[in-house]
Amino acid sequence: MNETNAGGVRQRSVEIVVPVYNEAHVLADSIGRLHAHLEESFPFPFRITVADNASTDDTWYVATDLTLRLPHVHAVRLEQKGRGRALNHVWSRSDADVVAYMDVDLSTGLEAFLPLVAPLLSGHSDLAIGSRLHRQAAVVRGTKREFVSRSYNLLLKAGLGARFSDAQCGFKAVRTDVFRALAPHIEDTAWFFDTELLVLAQRNRLRVHEVPVDWTDDPDSRVDIVRTAVDDLKGMGRMLRATLTGRTRVPAVPRRTSTPQVPAARTSPAVQPTGATTHLEYAS
C-alpha cells in the first residue's frame, strides 16, 4: 500500500478488518459492497482484510475466493474465536498508517467511513469511533438492544469515567503506531476489546474522534447479549482495578503530529495483483 502522490510523497493508507464467524451466507455480498464503495469514493490506498475466527462453515472458502476476484481483499484465518483476538492479530501486523474495522453486516452506513478515518490520517486525532448515541445519529433497532446499549454506556461513564459515547459500535479506527503501543496492555480477546482500547486511550490522554452514524440493526446478529453483558461487567471491574493501581498508564505512547495530506487519485492497486498468494495468511 505504499503509493505516492503527484509530488512523490507517500500517501497514507488504511487497512479495514472485517472479523467473521460462520458468515458464508453474507460475506461475498458485504465485501463486494464495501470494496465497490471504497474503490469509487475513498481517496487513499486501502486494503480490506477478512479475519475468519475459526469458522466451521464455508466462510474461509468464500474469503479466499474473494481475494482472487477483488484486488484489494486479503484473508486471514485464526483457529480461535474472538473479535478482539482477530483485530489484535491483524492490526499489530499491519503496514498501513491507520487500521479500522467494521462488522460484516455493514449495519453502519459506509458514507461515514471517510469522516471516521480522515482525522487520523491528517494527524488531528488518535482514535475514531462511530457513535449510535450521538444526537445526530440515525439509528433503527429494537427496544431491547437500545436499552442494553444505553445502559452499558451509562455504566462506563459512572464506573470508569468514560467520556466517549458509544463503546461497542462496530465501526472504529486507530492510528497503527498508537495501537501497537496500547496492544500489550489489552487483555480481552472478545467483545470487551473495544472498551478496553478506548479506556486505555482516555487514560493516556489520547484524542478520540466521534462520528455520528446511520445504523440499522441486523436481525441476524450472532451476539449473545446476556453473556456479553456479564463479560463486559467483569471487564469493567478489571479496568477499574487497573486504573486504581496505575496499570492503565502506557509509557511512550506516540503523540499525534498534524501533517495534513491532500488525497490524490490512486493510480495503482493498493495490494498485490489479483491471484497473488500473498493475499492469504493462515494464523494458528
# chains A, B, ... in the order shown; residues from 1 in each chain; ligands from 1
call {"tool": "select_by_dssp", "arguments": {"residues": "region 85-146 of chain A", "states": "strand (DSSP E)", "output": "PyMOL selection string"}}
result
chain A and resi 98-102+127-131+138-140
call {"tool": "write_last_selection", "arguments": {"atoms": "N, CA, C and O atoms", "output": "PDB file, in the first residue's frame"}}
result
ATOM      1  N   VAL A  98      -3.214   3.684   9.261  1.00  0.00           N
ATOM      2  CA  VAL A  98      -4.420   3.648  10.086  1.00  0.00           C
ATOM      3  C   VAL A  98      -5.071   2.283   9.896  1.00  0.00           C
ATOM      4  O   VAL A  98      -5.147   1.767   8.776  1.00  0.00           O
ATOM      5  N   VAL A  99      -5.531   1.691  11.003  1.00  0.00           N
ATOM      6  CA  VAL A  99      -6.257   0.424  10.936  1.00  0.00           C
ATOM      7  C   VAL A  99      -7.681   0.659  11.437  1.00  0.00           C
ATOM      8  O   VAL A  99      -7.911   1.477  12.332  1.00  0.00           O
ATOM      9  N   ALA A 100      -8.621  -0.049  10.843  1.00  0.00           N
ATOM     10  CA  ALA A 100     -10.028   0.145  11.173  1.00  0.00           C
ATOM     11  C   ALA A 100     -10.725  -1.204  11.162  1.00  0.00           C
ATOM     12  O   ALA A 100     -10.160  -2.216  10.729  1.00  0.00           O
ATOM     13  N   TYR A 101     -11.966  -1.212  11.619  1.00  0.00           N
ATOM     14  CA  TYR A 101     -12.769  -2.413  11.447  1.00  0.00           C
ATOM     15  C   TYR A 101     -14.235  -2.036  11.367  1.00  0.00           C
ATOM     16  O   TYR A 101     -14.665  -0.975  11.815  1.00  0.00           O
ATOM     17  N   MET A 102     -14.995  -2.937  10.750  1.00  0.00           N
ATOM     18  CA  MET A 102     -16.444  -2.801  10.728  1.00  0.00           C
ATOM     19  C   MET A 102     -17.054  -4.193  10.720  1.00  0.00           C
ATOM     20  O   MET A 102     -16.407  -5.166  10.329  1.00  0.00           O
ATOM     21  N   LEU A 127      -7.679   8.070  17.822  1.00  0.00           N
ATOM     22  CA  LEU A 127      -8.666   7.022  17.597  1.00  0.00           C
ATOM     23  C   LEU A 127      -9.934   7.675  17.078  1.00  0.00           C
ATOM     24  O   LEU A 127     -10.158   8.871  17.279  1.00  0.00           O
ATOM     25  N   ALA A 128     -10.792   6.873  16.440  1.00  0.00           N
ATOM     26  CA  ALA A 128     -12.080   7.378  15.975  1.00  0.00           C
ATOM     27  C   ALA A 128     -13.121   6.285  16.125  1.00  0.00           C
ATOM     28  O   ALA A 128     -12.836   5.103  15.883  1.00  0.00           O
ATOM     29  N   ILE A 129     -14.310   6.670  16.554  1.00  0.00           N
ATOM     30  CA  ILE A 129     -15.383   5.696  16.740  1.00  0.00           C
ATOM     31  C   ILE A 129     -16.671   6.205  16.109  1.00  0.00           C
ATOM     32  O   ILE A 129     -16.949   7.403  16.106  1.00  0.00           O
ATOM     33  N   GLY A 130     -17.429   5.278  15.560  1.00  0.00           N
ATOM     34  CA  GLY A 130     -18.774   5.603  15.141  1.00  0.00           C
ATOM     35  C   GLY A 130     -19.680   5.588  16.364  1.00  0.00           C
ATOM     36  O   GLY A 130     -19.545   4.725  17.225  1.00  0.00           O
ATOM     37  N   SER A 131     -20.579   6.543  16.458  1.00  0.00           N
ATOM     38  CA  SER A 131     -21.466   6.627  17.622  1.00  0.00           C
ATOM     39  C   SER A 131     -22.929   6.559  17.206  1.00  0.00           C
ATOM     40  O   SER A 131     -23.398   7.392  16.429  1.00  0.00           O
ATOM     41  N   ALA A 138     -28.565   8.489  13.251  1.00  0.00           N
ATOM     42  CA  ALA A 138     -29.871   7.978  12.834  1.00  0.00           C
ATOM     43  C   ALA A 138     -29.843   6.463  13.001  1.00  0.00           C
ATOM     44  O   ALA A 138     -29.126   5.763  12.269  1.00  0.00           O
ATOM     45  N   VAL A 139     -30.594   5.952  13.972  1.00  0.00           N
ATOM     46  CA  VAL A 139     -30.496   4.554  14.362  1.00  0.00           C
ATOM     47  C   VAL A 139     -31.852   3.863  14.261  1.00  0.00           C
ATOM     48  O   VAL A 139     -32.862   4.404  14.707  1.00  0.00           O
ATOM     49  N   VAL A 140     -31.830   2.663  13.685  1.00  0.00           N
ATOM     50  CA  VAL A 140     -33.029   1.826  13.627  1.00  0.00           C
ATOM     51  C   VAL A 140     -32.687   0.499  14.293  1.00  0.00           C
ATOM     52  O   VAL A 140     -31.899  -0.291  13.759  1.00  0.00           O
TER      53      VAL A 140
END
call {"tool": "residues_around", "arguments": {"residues": "region 231-241 of chain A", "least_positions_apart": "6", "cutoff": "12 Å", "atoms": "only C-alpha atoms", "output": "mmCIF file with all heavy atoms, in the first residue's frame"}}
result
data_model
loop_
_atom_site.group_PDB
_atom_site.id
_atom_site.type_symbol
_atom_site.label_atom_id
_atom_site.label_comp_id
_atom_site.auth_asym_id
_atom_site.auth_seq_id
_atom_site.Cartn_x
_atom_site.Cartn_y
_atom_site.Cartn_z
ATOM 1 N N VAL A 148 -30.070 -1.977 26.252
ATOM 2 C CA VAL A 148 -28.802 -2.585 26.681
ATOM 3 C C VAL A 148 -27.630 -1.675 26.337
ATOM 4 O O VAL A 148 -26.725 -1.461 27.154
ATOM 5 C CB VAL A 148 -28.620 -3.972 26.025
ATOM 6 C CG1 VAL A 148 -27.213 -4.492 26.259
ATOM 7 C CG2 VAL A 148 -29.641 -4.951 26.573
ATOM 8 N N SER A 149 -27.624 -1.111 25.139
ATOM 9 C CA SER A 149 -26.526 -0.257 24.701
ATOM 10 C C SER A 149 -26.413 0.996 25.560
ATOM 11 O O SER A 149 -25.319 1.357 26.022
ATOM 12 C CB SER A 149 -26.723 0.133 23.238
ATOM 13 O OG SER A 149 -25.685 0.990 22.801
ATOM 14 N N SER A 151 -27.631 1.481 28.578
ATOM 15 C CA SER A 151 -27.312 1.119 29.959
ATOM 16 C C SER A 151 -25.817 0.838 30.111
ATOM 17 O O SER A 151 -25.183 1.266 31.090
ATOM 18 C CB SER A 151 -28.119 -0.107 30.383
ATOM 19 O OG SER A 151 -29.500 0.162 30.341
ATOM 20 N N TYR A 152 -25.249 0.123 29.146
ATOM 21 C CA TYR A 152 -23.831 -0.205 29.201
ATOM 22 C C TYR A 152 -22.972 1.059 29.184
ATOM 23 O O TYR A 152 -22.033 1.201 29.978
ATOM 24 C CB TYR A 152 -23.466 -1.107 28.027
ATOM 25 C CG TYR A 152 -22.005 -1.471 27.961
ATOM 26 C CD1 TYR A 152 -21.407 -2.233 28.964
ATOM 27 C CD2 TYR A 152 -21.209 -1.054 26.900
ATOM 28 C CE1 TYR A 152 -20.068 -2.570 28.907
ATOM 29 C CE2 TYR A 152 -19.870 -1.389 26.827
ATOM 30 C CZ TYR A 152 -19.303 -2.142 27.834
ATOM 31 O OH TYR A 152 -17.974 -2.471 27.785
ATOM 32 N N ASN A 153 -23.309 1.970 28.302
ATOM 33 C CA ASN A 153 -22.517 3.195 28.209
ATOM 34 C C ASN A 153 -22.689 4.093 29.427
ATOM 35 O O ASN A 153 -21.754 4.788 29.833
ATOM 36 C CB ASN A 153 -22.850 3.930 26.920
ATOM 37 C CG ASN A 153 -22.196 3.276 25.708
ATOM 38 O OD1 ASN A 153 -21.005 3.434 25.459
ATOM 39 N ND2 ASN A 153 -22.976 2.501 24.965
ATOM 40 N N LEU A 155 -23.096 2.850 32.449
ATOM 41 C CA LEU A 155 -22.246 2.183 33.441
ATOM 42 C C LEU A 155 -20.779 2.561 33.234
ATOM 43 O O LEU A 155 -20.037 2.757 34.204
ATOM 44 C CB LEU A 155 -22.415 0.665 33.348
ATOM 45 C CG LEU A 155 -23.685 0.080 33.947
ATOM 46 C CD1 LEU A 155 -23.794 -1.409 33.612
ATOM 47 C CD2 LEU A 155 -23.709 0.280 35.467
ATOM 48 N N LEU A 156 -20.361 2.652 31.983
ATOM 49 C CA LEU A 156 -18.980 3.044 31.702
ATOM 50 C C LEU A 156 -18.697 4.460 32.194
ATOM 51 O O LEU A 156 -17.624 4.738 32.741
ATOM 52 C CB LEU A 156 -18.700 2.966 30.202
ATOM 53 C CG LEU A 156 -18.567 1.577 29.593
ATOM 54 C CD1 LEU A 156 -18.363 1.681 28.089
ATOM 55 C CD2 LEU A 156 -17.406 0.809 30.222
ATOM 56 N N LYS A 157 -19.652 5.341 31.995
ATOM 57 C CA LYS A 157 -19.471 6.721 32.461
ATOM 58 C C LYS A 157 -19.416 6.780 33.975
ATOM 59 O O LYS A 157 -18.581 7.488 34.562
ATOM 60 C CB LYS A 157 -20.601 7.597 31.928
ATOM 61 C CG LYS A 157 -20.567 7.813 30.420
ATOM 62 C CD LYS A 157 -21.719 8.679 29.965
ATOM 63 C CE LYS A 157 -21.765 8.777 28.439
ATOM 64 N NZ LYS A 157 -20.563 9.424 27.875
ATOM 65 N N ALA A 158 -20.308 6.032 34.639
ATOM 66 C CA ALA A 158 -20.368 6.062 36.101
ATOM 67 C C ALA A 158 -19.199 5.332 36.740
ATOM 68 O O ALA A 158 -18.626 5.799 37.731
ATOM 69 C CB ALA A 158 -21.693 5.456 36.573
ATOM 70 N N GLY A 159 -18.836 4.176 36.182
ATOM 71 C CA GLY A 159 -17.816 3.346 36.806
ATOM 72 C C GLY A 159 -16.393 3.671 36.402
ATOM 73 O O GLY A 159 -15.467 3.559 37.211
ATOM 74 N N LEU A 160 -16.199 4.065 35.157
ATOM 75 C CA LEU A 160 -14.845 4.293 34.651
ATOM 76 C C LEU A 160 -14.616 5.726 34.195
ATOM 77 O O LEU A 160 -13.540 6.053 33.702
ATOM 78 C CB LEU A 160 -14.553 3.334 33.490
ATOM 79 C CG LEU A 160 -14.497 1.837 33.842
ATOM 80 C CD1 LEU A 160 -14.323 1.003 32.588
ATOM 81 C CD2 LEU A 160 -13.382 1.549 34.832
ATOM 82 N N GLY A 161 -15.634 6.571 34.335
ATOM 83 C CA GLY A 161 -15.476 7.964 33.927
ATOM 84 C C GLY A 161 -15.293 8.124 32.432
ATOM 85 O O GLY A 161 -14.622 9.063 31.979
ATOM 86 N N ALA A 162 -15.905 7.218 31.644
ATOM 87 C CA ALA A 162 -15.743 7.265 30.192
ATOM 88 C C ALA A 162 -16.308 8.553 29.624
ATOM 89 O O ALA A 162 -17.414 8.969 29.972
ATOM 90 C CB ALA A 162 -16.429 6.060 29.561
ATOM 91 N N ALA A 167 -19.232 2.713 23.183
ATOM 92 C CA ALA A 167 -18.057 1.848 23.214
ATOM 93 C C ALA A 167 -18.148 0.667 22.264
ATOM 94 O O ALA A 167 -17.135 0.168 21.778
ATOM 95 C CB ALA A 167 -17.827 1.333 24.636
ATOM 96 N N GLN A 168 -19.354 0.177 21.985
ATOM 97 C CA GLN A 168 -19.477 -1.099 21.297
ATOM 98 C C GLN A 168 -19.923 -1.018 19.847
ATOM 99 O O GLN A 168 -20.171 -2.044 19.229
ATOM 100 C CB GLN A 168 -20.459 -2.003 22.072
ATOM 101 C CG GLN A 168 -19.918 -2.481 23.417
ATOM 102 C CD GLN A 168 -18.827 -3.529 23.272
ATOM 103 O OE1 GLN A 168 -18.105 -3.553 22.292
ATOM 104 N NE2 GLN A 168 -18.696 -4.388 24.267
ATOM 105 N N HIS A 185 -1.180 -3.987 26.473
ATOM 106 C CA HIS A 185 -1.908 -3.732 27.717
ATOM 107 C C HIS A 185 -3.388 -4.096 27.612
ATOM 108 O O HIS A 185 -4.140 -3.895 28.565
ATOM 109 C CB HIS A 185 -1.759 -2.252 28.088
ATOM 110 C CG HIS A 185 -0.339 -1.809 28.212
ATOM 111 N ND1 HIS A 185 0.368 -1.863 29.394
ATOM 112 C CD2 HIS A 185 0.533 -1.330 27.274
ATOM 113 C CE1 HIS A 185 1.599 -1.431 29.197
ATOM 114 N NE2 HIS A 185 1.723 -1.095 27.930
ATOM 115 N N ILE A 186 -3.801 -4.635 26.471
ATOM 116 C CA ILE A 186 -5.183 -5.059 26.273
ATOM 117 C C ILE A 186 -5.283 -6.557 26.516
ATOM 118 O O ILE A 186 -4.621 -7.349 25.841
ATOM 119 C CB ILE A 186 -5.673 -4.724 24.845
ATOM 120 C CG1 ILE A 186 -5.566 -3.222 24.592
ATOM 121 C CG2 ILE A 186 -7.109 -5.194 24.641
ATOM 122 C CD1 ILE A 186 -5.900 -2.813 23.164
ATOM 123 N N GLU A 187 -6.104 -6.956 27.467
ATOM 124 C CA GLU A 187 -6.209 -8.357 27.842
ATOM 125 C C GLU A 187 -7.351 -9.090 27.147
ATOM 126 O O GLU A 187 -7.263 -10.287 26.888
ATOM 127 C CB GLU A 187 -6.376 -8.487 29.361
ATOM 128 C CG GLU A 187 -5.189 -7.976 30.166
ATOM 129 C CD GLU A 187 -5.365 -8.195 31.663
ATOM 130 O OE1 GLU A 187 -6.094 -9.140 32.041
ATOM 131 O OE2 GLU A 187 -4.783 -7.426 32.448
ATOM 132 N N ASP A 188 -8.446 -8.395 26.867
ATOM 133 C CA ASP A 188 -9.627 -9.069 26.353
ATOM 134 C C ASP A 188 -9.434 -9.482 24.889
ATOM 135 O O ASP A 188 -8.800 -8.771 24.108
ATOM 136 C CB ASP A 188 -10.852 -8.163 26.463
ATOM 137 C CG ASP A 188 -12.143 -8.917 26.229
ATOM 138 O OD1 ASP A 188 -12.603 -9.605 27.146
ATOM 139 O OD2 ASP A 188 -12.686 -8.835 25.110
ATOM 140 N N THR A 189 -10.003 -10.630 24.524
ATOM 141 C CA THR A 189 -9.905 -11.125 23.154
ATOM 142 C C THR A 189 -11.273 -11.216 22.478
ATOM 143 O O THR A 189 -11.375 -11.745 21.372
ATOM 144 C CB THR A 189 -9.250 -12.517 23.126
ATOM 145 O OG1 THR A 189 -10.040 -13.422 23.912
ATOM 146 C CG2 THR A 189 -7.833 -12.463 23.679
ATOM 147 N N ALA A 190 -12.308 -10.713 23.142
ATOM 148 C CA ALA A 190 -13.661 -10.835 22.606
ATOM 149 C C ALA A 190 -14.294 -9.457 22.421
ATOM 150 O O ALA A 190 -13.704 -8.563 21.831
ATOM 151 C CB ALA A 190 -14.502 -11.747 23.507
ATOM 152 N N TRP A 191 -15.494 -9.257 22.982
ATOM 153 C CA TRP A 191 -16.255 -8.035 22.734
ATOM 154 C C TRP A 191 -15.813 -6.849 23.584
ATOM 155 O O TRP A 191 -16.009 -5.693 23.199
ATOM 156 C CB TRP A 191 -17.743 -8.305 22.968
ATOM 157 C CG TRP A 191 -18.283 -9.359 22.068
ATOM 158 C CD1 TRP A 191 -18.473 -10.681 22.369
ATOM 159 C CD2 TRP A 191 -18.663 -9.217 20.697
ATOM 160 N NE1 TRP A 191 -18.943 -11.359 21.280
ATOM 161 C CE2 TRP A 191 -19.078 -10.481 20.234
ATOM 162 C CE3 TRP A 191 -18.689 -8.132 19.816
ATOM 163 C CZ2 TRP A 191 -19.517 -10.698 18.931
ATOM 164 C CZ3 TRP A 191 -19.130 -8.341 18.517
ATOM 165 C CH2 TRP A 191 -19.540 -9.612 18.089
ATOM 166 N N PHE A 192 -15.210 -7.099 24.750
ATOM 167 C CA PHE A 192 -14.770 -6.004 25.616
ATOM 168 C C PHE A 192 -13.495 -5.351 25.098
ATOM 169 O O PHE A 192 -13.077 -4.310 25.597
ATOM 170 C CB PHE A 192 -14.567 -6.525 27.045
ATOM 171 C CG PHE A 192 -14.381 -5.438 28.066
ATOM 172 C CD1 PHE A 192 -15.444 -4.640 28.466
ATOM 173 C CD2 PHE A 192 -13.137 -5.205 28.639
ATOM 174 C CE1 PHE A 192 -15.276 -3.627 29.402
ATOM 175 C CE2 PHE A 192 -12.959 -4.202 29.590
ATOM 176 C CZ PHE A 192 -14.034 -3.410 29.968
ATOM 177 N N PHE A 193 -12.879 -5.955 24.094
ATOM 178 C CA PHE A 193 -11.663 -5.418 23.484
ATOM 179 C C PHE A 193 -11.812 -3.943 23.131
ATOM 180 O O PHE A 193 -10.934 -3.121 23.404
ATOM 181 C CB PHE A 193 -11.345 -6.247 22.241
ATOM 182 C CG PHE A 193 -10.183 -5.766 21.428
ATOM 183 C CD1 PHE A 193 -8.908 -6.247 21.669
ATOM 184 C CD2 PHE A 193 -10.359 -4.847 20.390
ATOM 185 C CE1 PHE A 193 -7.825 -5.821 20.903
ATOM 186 C CE2 PHE A 193 -9.298 -4.418 19.625
ATOM 187 C CZ PHE A 193 -8.027 -4.902 19.888
ATOM 188 N N ASP A 194 -12.946 -3.576 22.522
ATOM 189 C CA ASP A 194 -13.188 -2.188 22.120
ATOM 190 C C ASP A 194 -13.144 -1.237 23.308
ATOM 191 O O ASP A 194 -12.497 -0.185 23.269
ATOM 192 C CB ASP A 194 -14.563 -2.057 21.459
ATOM 193 C CG ASP A 194 -14.705 -2.883 20.205
ATOM 194 O OD1 ASP A 194 -14.390 -4.083 20.245
ATOM 195 O OD2 ASP A 194 -15.145 -2.321 19.191
ATOM 196 N N THR A 195 -13.874 -1.627 24.361
ATOM 197 C CA THR A 195 -13.943 -0.776 25.550
ATOM 198 C C THR A 195 -12.573 -0.630 26.192
ATOM 199 O O THR A 195 -12.172 0.472 26.591
ATOM 200 C CB THR A 195 -14.926 -1.366 26.571
ATOM 201 O OG1 THR A 195 -16.215 -1.492 25.961
ATOM 202 C CG2 THR A 195 -15.031 -0.483 27.797
ATOM 203 N N GLU A 196 -11.850 -1.711 26.273
ATOM 204 C CA GLU A 196 -10.527 -1.677 26.887
ATOM 205 C C GLU A 196 -9.591 -0.745 26.109
ATOM 206 O O GLU A 196 -8.838 0.049 26.697
ATOM 207 C CB GLU A 196 -9.951 -3.090 26.941
ATOM 208 C CG GLU A 196 -8.784 -3.239 27.889
ATOM 209 C CD GLU A 196 -8.515 -4.682 28.260
ATOM 210 O OE1 GLU A 196 -9.305 -5.571 27.912
ATOM 211 O OE2 GLU A 196 -7.479 -4.914 28.918
ATOM 212 N N LEU A 197 -9.651 -0.821 24.789
ATOM 213 C CA LEU A 197 -8.845 0.057 23.948
ATOM 214 C C LEU A 197 -9.188 1.521 24.207
ATOM 215 O O LEU A 197 -8.298 2.374 24.364
ATOM 216 C CB LEU A 197 -9.075 -0.283 22.479
ATOM 217 C CG LEU A 197 -8.446 0.643 21.433
ATOM 218 C CD1 LEU A 197 -6.927 0.631 21.552
ATOM 219 C CD2 LEU A 197 -8.886 0.231 20.032
ATOM 220 N N LEU A 198 -10.481 1.831 24.274
ATOM 221 C CA LEU A 198 -10.914 3.214 24.468
ATOM 222 C C LEU A 198 -10.561 3.737 25.853
ATOM 223 O O LEU A 198 -10.156 4.895 26.009
ATOM 224 C CB LEU A 198 -12.417 3.321 24.234
ATOM 225 C CG LEU A 198 -12.854 3.200 22.769
ATOM 226 C CD1 LEU A 198 -14.354 2.994 22.669
ATOM 227 C CD2 LEU A 198 -12.434 4.433 21.992
ATOM 228 N N VAL A 199 -10.721 2.903 26.879
ATOM 229 C CA VAL A 199 -10.374 3.336 28.238
ATOM 230 C C VAL A 199 -8.880 3.606 28.338
ATOM 231 O O VAL A 199 -8.450 4.610 28.921
ATOM 232 C CB VAL A 199 -10.812 2.283 29.279
ATOM 233 C CG1 VAL A 199 -10.255 2.620 30.663
ATOM 234 C CG2 VAL A 199 -12.341 2.203 29.346
ATOM 235 N N LEU A 200 -8.071 2.728 27.755
ATOM 236 C CA LEU A 200 -6.622 2.958 27.763
ATOM 237 C C LEU A 200 -6.271 4.249 27.034
ATOM 238 O O LEU A 200 -5.409 5.016 27.476
ATOM 239 C CB LEU A 200 -5.907 1.778 27.106
ATOM 240 C CG LEU A 200 -5.757 0.506 27.931
ATOM 241 C CD1 LEU A 200 -5.237 -0.628 27.061
ATOM 242 C CD2 LEU A 200 -4.830 0.732 29.119
ATOM 243 N N ARG A 203 -7.166 7.160 29.323
ATOM 244 C CA ARG A 203 -6.260 7.269 30.474
ATOM 245 C C ARG A 203 -4.905 7.845 30.060
ATOM 246 O O ARG A 203 -4.183 8.418 30.869
ATOM 247 C CB ARG A 203 -6.045 5.895 31.119
ATOM 248 C CG ARG A 203 -7.289 5.303 31.763
ATOM 249 C CD ARG A 203 -7.659 6.026 33.037
ATOM 250 N NE ARG A 203 -8.794 5.407 33.694
ATOM 251 C CZ ARG A 203 -10.074 5.711 33.485
ATOM 252 N NH1 ARG A 203 -10.373 6.680 32.626
ATOM 253 N NH2 ARG A 203 -11.039 5.096 34.121
ATOM 254 N N ASP A 224 -24.484 -12.922 21.713
ATOM 255 C CA ASP A 224 -25.226 -13.385 22.890
ATOM 256 C C ASP A 224 -25.247 -12.224 23.886
ATOM 257 O O ASP A 224 -24.256 -11.965 24.582
ATOM 258 C CB ASP A 224 -24.529 -14.604 23.488
ATOM 259 C CG ASP A 224 -25.287 -15.205 24.665
ATOM 260 O OD1 ASP A 224 -26.005 -14.452 25.362
ATOM 261 O OD2 ASP A 224 -25.159 -16.417 24.892
ATOM 262 N N ILE A 225 -26.371 -11.519 23.969
ATOM 263 C CA ILE A 225 -26.434 -10.277 24.741
ATOM 264 C C ILE A 225 -26.150 -10.517 26.221
ATOM 265 O O ILE A 225 -25.396 -9.765 26.853
ATOM 266 C CB ILE A 225 -27.810 -9.610 24.557
ATOM 267 C CG1 ILE A 225 -27.982 -9.165 23.102
ATOM 268 C CG2 ILE A 225 -27.944 -8.405 25.477
ATOM 269 C CD1 ILE A 225 -29.318 -8.532 22.811
ATOM 270 N N ARG A 247 -2.075 0.860 36.411
ATOM 271 C CA ARG A 247 -1.619 -0.033 35.346
ATOM 272 C C ARG A 247 -2.162 0.342 33.972
ATOM 273 O O ARG A 247 -1.808 -0.288 32.974
ATOM 274 C CB ARG A 247 -1.990 -1.482 35.680
ATOM 275 C CG ARG A 247 -1.164 -2.067 36.828
ATOM 276 C CD ARG A 247 -1.426 -3.535 37.050
ATOM 277 N NE ARG A 247 -2.755 -3.767 37.608
ATOM 278 C CZ ARG A 247 -3.747 -4.373 36.977
ATOM 279 N NH1 ARG A 247 -3.570 -4.789 35.726
ATOM 280 N NH2 ARG A 247 -4.913 -4.560 37.549
ATOM 281 N N THR A 248 -3.021 1.345 33.911
ATOM 282 C CA THR A 248 -3.523 1.787 32.609
ATOM 283 C C THR A 248 -2.624 2.846 31.967
ATOM 284 O O THR A 248 -2.864 3.258 30.843
ATOM 285 C CB THR A 248 -4.952 2.362 32.747
ATOM 286 O OG1 THR A 248 -4.946 3.404 33.726
ATOM 287 C CG2 THR A 248 -5.931 1.273 33.147
ATOM 288 N N ARG A 249 -1.603 3.285 32.687
ATOM 289 C CA ARG A 249 -0.659 4.243 32.123
ATOM 290 C C ARG A 249 0.329 3.518 31.221
ATOM 291 O O ARG A 249 0.996 2.578 31.634
ATOM 292 C CB ARG A 249 0.089 4.970 33.232
ATOM 293 C CG ARG A 249 -0.804 5.866 34.071
ATOM 294 C CD ARG A 249 -1.269 7.066 33.286
ATOM 295 N NE ARG A 249 -2.068 7.988 34.081
ATOM 296 C CZ ARG A 249 -2.579 9.111 33.620
ATOM 297 N NH1 ARG A 249 -2.377 9.451 32.361
ATOM 298 N NH2 ARG A 249 -3.300 9.893 34.397
#
call {"tool": "residues_around", "arguments": {"residues": "Trp91 (chain A)", "least_positions_apart": "5", "cutoff": "9 Å", "atoms": "only C-alpha atoms", "output": "list in words"}}
result
Glu15, Val17, Ala86, Ala96, Val98, Val99, Ala100, Thr176, Phe179 and Arg180 of chain A
call {"tool": "atom_distance", "arguments": {"atom1": "CA of Leu114 (chain A)", "atom2": "CA of Ile31 (chain A)"}}
result
17.0 Å
call {"tool": "residues_around", "arguments": {"residues": "Asn88 (chain A)", "least_positions_apart": "4", "cutoff": "8 Å", "atoms": "only C-alpha atoms", "output": "list in words"}}
result
Gly84, Ser92 and Ala183 of chain A
call {"tool": "residues_around", "arguments": {"residues": "Leu38 (chain A)", "least_positions_apart": "6", "cutoff": "10 Å", "atoms": "only C-alpha atoms", "output": "list of chain:residue names"}}
result
A:Phe44, A:Pro45, A:Phe46, A:Arg47, A:Ile48, A:His72, A:Leu110, A:Glu111, A:Phe113, A:Leu114
call {"tool": "write_last_selection", "arguments": {"atoms": "N, CA, C and O atoms", "output": "compact mmCIF listing (two decimals), in the first residue's frame"}}
result
# COMPACT_ATOMS: atom_id res chain seq x y z
N PHE A 44 -7.75 7.28 -0.58
CA PHE A 44 -6.46 6.82 -0.07
C PHE A 44 -6.26 5.35 -0.40
O PHE A 44 -7.23 4.60 -0.57
N PRO A 45 -5.02 4.88 -0.48
CA PRO A 45 -4.76 3.44 -0.65
C PRO A 45 -5.40 2.66 0.51
O PRO A 45 -5.34 3.08 1.66
N PHE A 46 -5.97 1.51 0.19
CA PHE A 46 -6.64 0.73 1.23
C PHE A 46 -6.49 -0.76 0.98
O PHE A 46 -6.20 -1.21 -0.14
N ARG A 47 -6.70 -1.52 2.03
CA ARG A 47 -6.78 -2.98 1.97
C ARG A 47 -7.95 -3.41 2.85
O ARG A 47 -8.14 -2.88 3.94
N ILE A 48 -8.71 -4.37 2.38
CA ILE A 48 -9.77 -4.99 3.18
C ILE A 48 -9.27 -6.37 3.59
O ILE A 48 -8.90 -7.18 2.73
N HIS A 72 -8.25 -5.61 -3.81
CA HIS A 72 -7.83 -5.02 -2.54
C HIS A 72 -8.23 -5.87 -1.33
O HIS A 72 -8.24 -5.38 -0.22
N LEU A 110 -21.87 3.29 5.01
CA LEU A 110 -20.48 3.39 4.56
C LEU A 110 -20.04 4.82 4.28
O LEU A 110 -18.85 5.11 4.24
N GLU A 111 -20.98 5.71 4.10
CA GLU A 111 -20.61 7.12 3.86
C GLU A 111 -19.91 7.73 5.06
O GLU A 111 -19.28 8.79 4.95
N PHE A 113 -17.41 6.29 6.59
CA PHE A 113 -16.06 5.75 6.75
C PHE A 113 -14.98 6.81 6.54
O PHE A 113 -14.03 6.90 7.32
N LEU A 114 -15.09 7.61 5.49
CA LEU A 114 -14.08 8.65 5.28
C LEU A 114 -14.05 9.65 6.43
O LEU A 114 -12.96 9.99 6.93
call {"tool": "atom_distance", "arguments": {"atom1": "CA of Asp177 (chain A)", "atom2": "CA of Asp95 (chain A)"}}
result
9.9 Å
call {"tool": "select_by_dssp", "arguments": {"residues": "region 178-209 of chain A", "states": "alpha helix (DSSP H)", "output": "PyMOL selection string"}}
result
chain A and resi 178-182+193-203
call {"tool": "atom_distance", "arguments": {"atom1": "CA of Val117 (chain A)", "atom2": "CA of Asn204 (chain A)"}}
result
20.3 Å
call {"tool": "closest_residue", "arguments": {"among": "A:Ala51, A:Gln136, A:Thr243, A:Val253", "to": "Leu87 (chain A)", "atoms": "only C-alpha atoms"}}
result
A:Ala51
call {"tool": "closest_residue", "arguments": {"among": "A:Asp126, A:Glu39, A:Asp65, A:Asp166", "to": "Arg255 (chain A)", "atoms": "only C-alpha atoms"}}
result
A:Asp126
call {"tool": "closest_residue", "arguments": {"among": "A:Leu121, A:Val20, A:Ala28, A:Val62", "to": "Gln80 (chain A)", "atoms": "only C-alpha atoms"}}
result
A:Val20
